[in-house]
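Colleague: Below is one structure. I have some questions about it.
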Amino acid sequence: MLTKSPVAGRLRLGKTALLLSAAALAPYAASAQDVETDDQPQQRASAIDTINEILVTGTKTRDPENVQDIPLAVTAFNAGTLEAFKIRDIQGLSFQAPTVSLDQIGTSRGTANFTVRGLGINSSIPSIDPTVGVFVDGVYLGINGGVVFDLFDLESVEILRGPQGVLFGRNVTGGAVVINTGNPTEDFRGKFRAAVDGPALDGGRGGPNYTVSGVVSGPIVEDVLLFKVGAYYNKDEGYFRNLASLTNPNIPENHGKAETKILRGALEARLGDLTLTGKLDYFESDGDGPSAQNRAFFDRNSFDIAIDEPGAYANEIWTGSLTAEWDIGPGTLTNVFGWRDYDATTNGDIDATPLFLFHSNTETTQEQFSNELRYAMSFDRLDLTIGGFWFEQDLAYTEVRALRRDLPPALQPPLFFGGGSQNHEVIGLFANAQYEVLDNLSIIAGIRWNQETKDAGVTYIIPRAPCSVVQGTCPTGSQPFDPATETDGFTDRVRFRNVSPKLGLQYQFADSQIYGHWSRGFRSGGYNFRITNIPVFNRAFAATGDLFFDEEQVDNYELGGKFQTADGSFTLNVAGYVTKVGNMQREVNLADPGAGVVQNILNTADATIAGFEAEARMRVSDSLVFTANIGIIDAEYDEVLFDISGDGLINDADLDLSLPRVPPITVGAGLIHDWDLGSSNIVTRVNYQYRDEAAYTDDNLGWLNALSNLEANITWNTPVDGLSLSVYGRNLLDEVQEGGDTQVPFGGPNSTGVRQPFAPNPTAGTFSPLMRGRNIGIEAMFEF
């Protein structure tokens with residue numbers, strides 16, 4: 001164990017101090033909002049003339065609050081803004097806010113790999129809990145699978161930065177993403193959209209991507225029973241060109257093909273002071289496996305891939321919620337019941353070469369139920385929310401690995417089978433209050449008690465007879481676990497109890513505020529479903545006596561301010577924070593010729609993350625708004641508990657490594673211009689965001705590219721009432737973005753022994769799933 005001086009490395013923030021003078025701007029998402037009038041219920045107001053307040057629900061108070069009034073770092077997007085930004089999935093919000101990355105990992109399509117303020121994960125193992133929780137219509141999504149997919153018919157999206165443990169519970173140490181889908185409307189209306197996009201300017205790369213969707217909403221019984229139905233269809237012909245097809249006619253040329261279908265329905269019953277809202281969503285998506293690049297063969301700044309196995313993925317998801325709201329006494333009693341059923345399979349070429357060196361198949365099933373009951377009260381000087389939460393899920397995961405099928409059959413190693421299953425139950429009680437002790441000065445206090453229980457059965461992923469954890473045919477060891485005798489796996493149970501507090505102050509003046517608070521959050525401990533190295537695993541058991549990785553504790557100290565002019569023409573939100581991470585939980589990836597990749601989940605270190613972020617908006621005229629943002633992070637290890645560098649020692653080499661997924665700087669700027677043509681108008685939006693390079697693997701052999709993301713769209717709201725036409729472009733600079741950069745033991749000419757950023761593994765290559773590059777499209781939308 002090695003400890004670093006608390007002073008060491010702190011001066012690194014000084015080198016970025018000069019950037020702060022340019023930091024007073026950011027994409028505050030109130031630039032466009034739907035406005036309703038009695039005679040024109042779905043008319044869209046000018047993107048500039050009407051900058052209405054953004055209301056957020058993430059504070060769980062009796063009534064939604066103006067984002068400028070709440071003492072939290074929040075970037076919020078309403079329906080009009082999401083439309084103006086042409087947001088089609090959560091990942092599209094990655095370049096709209098500082099210190100936020102809402103990417104998918106790429107190994108398994110749709111699996112979230114979210115990071116906020118340097119707290120994130122780099123794993124597709126379903127038993128690993130997130131640092132950034134996702135909540136859809138008030139329902140927590142229990143695993144990262146099936147999160148980063150197509151979105152439509154959204155009411156709002158709120159990105160809450162920093163620990164949100166009091167109101168949202170565990171696994172929100174980095175923050176929370178709150179997604180609210182559209183509710184039924186009082187009047188009859190509809191919205192239909194058709195779009196096509198693709199790599200049109202990049203000769204030979206990929207094919208078109210088609211999307212159509214429609215939503216109809218209105219009353220069944222006026223003011224009593226309302227409905228909404230929607231449908232979405234996407235057909236992607238594949239963005240990437242698989243170079244292996246040039247020498248093998250059996251391999252399709254285009255890669256990244258996908259087909260997605262969504263059906264959604266909602267009913268709302270208004271029964272006096274009681275409102276019931278039920279929503280049901282069916283999601284189905286399938287297509288090719290990961291579009292992975294092996295950087296031992298290709299330049300990491302290219303989109304070149306050559307894989308012999310196109311792979312596949314298939315997801316089927318049912319999601320339902322029932323929300324009851326009852327105005328009673330001084331507050332609103334709210335009950336949110338949620339259900340989700342998730343089934344997924346994957347098949348991927350993990351060696352990312354034209355040879356069959358390492359392929360993997362997985363199957364995941366999950367079913368979850370949850371219920372939250374809360375009572376939010378509002379008095380003259382006091383806002384108080386109290387509540388309770390219950391969550392339970394059953395999770396099962398099977399993995400199959402096939403290695404070296406390029407060899408003669410007699411020399412091929414046997415197949416690997418294994419995985420894990422888990423029952424996971426959480427109960428919690430919480431209270432949150434804001435009390436105005438003096439005029440404009442309020443105390444903020446909250447507390448949450450959690451109990452979490454996990455019952456798991458793990459089957460090592462090793463060469464063995466075919467079996468399936470999902471089907472219940474894989475063996476596990478006995479309980480209690482004996483590392484000296486168990487060779488198949490183990491069963492075990494763990495329970496965590498803890499308290500998440502929050503304490504702070506808020507002072508409001510004019511149309512502005514300053515605030516400060518301390519909050520604590522926890523990330524769940526648990527079990528690794530992907531154990532491939534039994535001897536190492538057993539030695540860890542012998543040393544610690546534990547069968548699981550422990551929970552992670554995060555303490556956040558934050559000071560912020562929100563400032564705006566009386567007319568709302570200028571808005572500036574700033575926040576500085578220090579985050580102390582104890583027992584940091586990491587998936588440590590190591591290339592291994594026998595298993596392909598060894599992935600150990602360990603508590604590796606204690607660390608400190610210090611940062612500053614700013615967001616702003618300036619309306620310079622009736623037709624033009626500028627936005628910009630900046631986020632600066634300095635992160636370092638304080639104490640190392642594990643040999644992160646892999647050199648066999650715990651020493652300064654470990655302390656000097658960069659924390660994974662922490663870009664030192666994110667900065668961006670944009671504009672929205674509204675050109676009034678009398679009977680029509682043209683809205684132009686341009687946004688640029690830079691994200692610095694960041695380590696991906698703990699040993700820093702894998703890195704994520706620096707990104708300069710430029711996107712733009714032009715929308716003509718035509719003289720035909722309700723009809724608009726758009727041209728849009730994403731990633732216009734054609735920057736390479738990867739979902740990961742994991743080392744694999746299959747190298748090529750670019751393999752190097754130099755240990756530095758951007759260098760592949762010293763002896764091998766990488767598995768680096770690529771995201772789409774430049775994408776240009778057109779869209780037609782009609783509303784009535």
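For the structure tokens, the naming scheme is as follows: chains receive sequential letters (A, B, ...) according to their order of presentation, residues are indexed from 1 within each chain, and ligands are indexed from 1 in presentation order.
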Please provide the set of residues having any atom within 8 Å of Glu738 in chain A, restricted to only C-alpha atoms, with same-chain residues fewer than 4 positions apart removed, written as a list in words.
Modeller: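 In the requested form, the answer reads Gly106, Leu704, Asn705, Ser768, Pro769, Leu770 and Met771 of chain A.
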Colleague: Generate the output file for the selected residues, N, CA and C atoms, as a compact mmCIF listing (two decimals), in the first residue's frame.
Modeller:
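Ended up saving to result.txt:
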```
# COMPACT_ATOMS: atom_id res chain seq x y z
N GLY A 106 -19.68 -0.03 -26.49
CA GLY A 106 -19.36 -0.56 -27.80
C GLY A 106 -19.19 -2.06 -27.85
N LEU A 704 -8.39 6.84 -24.55
CA LEU A 704 -9.47 7.37 -25.37
C LEU A 704 -8.99 8.61 -26.09
N ASN A 705 -9.30 8.70 -27.37
CA ASN A 705 -8.85 9.82 -28.17
C ASN A 705 -9.40 11.15 -27.67
N SER A 768 -10.96 -2.15 -29.74
CA SER A 768 -11.42 -0.77 -29.66
C SER A 768 -12.66 -0.58 -30.52
N PRO A 769 -13.86 -0.77 -29.94
CA PRO A 769 -15.09 -0.58 -30.70
C PRO A 769 -15.26 0.88 -31.10
N LEU A 770 -15.55 1.12 -32.35
CA LEU A 770 -15.63 2.49 -32.88
C LEU A 770 -17.07 2.99 -32.91
N MET A 771 -17.20 4.31 -32.71
CA MET A 771 -18.47 5.01 -32.87
C MET A 771 -18.50 5.64 -34.26
```
Colleague: With a distance cut-off of 12 Å and only C-alpha atoms, select the neighbouring residues of Leu167 in chain A, excluding the residue or stretch itself and same-chain residues fewer than 4 positions from it, and output the selection as a PyMOL selection string.
Modeller: chain A and resi 57-61+133+135+138+140+160+163+171-173+175-176+372-374+376+384-389+428-433+445-450+500-502+519-521
Colleague: Using only C-alpha atoms, which residue out of A:Ala595, A:Val177, A:Leu725, A:Val336 lies closest to Pro413 in chain A?
Modeller: A:Ala595
Colleague: Fewer than 6 positions away in the same chain doesn't count, so skip those; otherwise give me all residues within 12 Å of Pro593 in chain A, counting only C-alpha atoms, as a VMD selection string.
Modeller: chain A and resid 351 357 to 358 403 to 404 413 532 to 533 743 to 747 763 to 765
Colleague: Can you write out the residues you just picked, keeping C-alpha atoms, as a compact mmCIF listing (two decimals), in the first residue's frame?
Modeller:
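selection18.txt was written with the following content:
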```
# COMPACT_ATOMS: atom_id res chain seq x y z
CA ASP A 351 -9.53 -9.98 -31.37
CA LEU A 357 -8.46 -15.66 -32.63
CA PHE A 358 -10.93 -14.70 -29.89
CA LEU A 403 -10.06 -18.93 -28.97
CA ARG A 404 -7.64 -19.80 -31.77
CA PRO A 413 -8.26 -24.99 -27.17
CA THR A 532 -11.39 -16.35 -15.83
CA ASN A 533 -8.23 -16.60 -13.71
CA GLN A 743 -5.57 -4.77 -24.66
CA VAL A 744 -5.78 -8.21 -26.27
CA PRO A 745 -2.86 -10.62 -26.86
CA PHE A 746 -3.09 -10.52 -30.64
CA GLY A 747 -0.71 -7.96 -32.08
CA THR A 763 3.33 -6.93 -26.72
CA ALA A 764 -0.03 -6.98 -28.49
CA GLY A 765 -3.05 -5.14 -29.87
```
Colleague: Nearest residue to Gln434 in chain A out of A:Asn651, A:Thr365, A:Thr491, A:Gln506, using only C-alpha atoms?
Modeller: A:Gln506
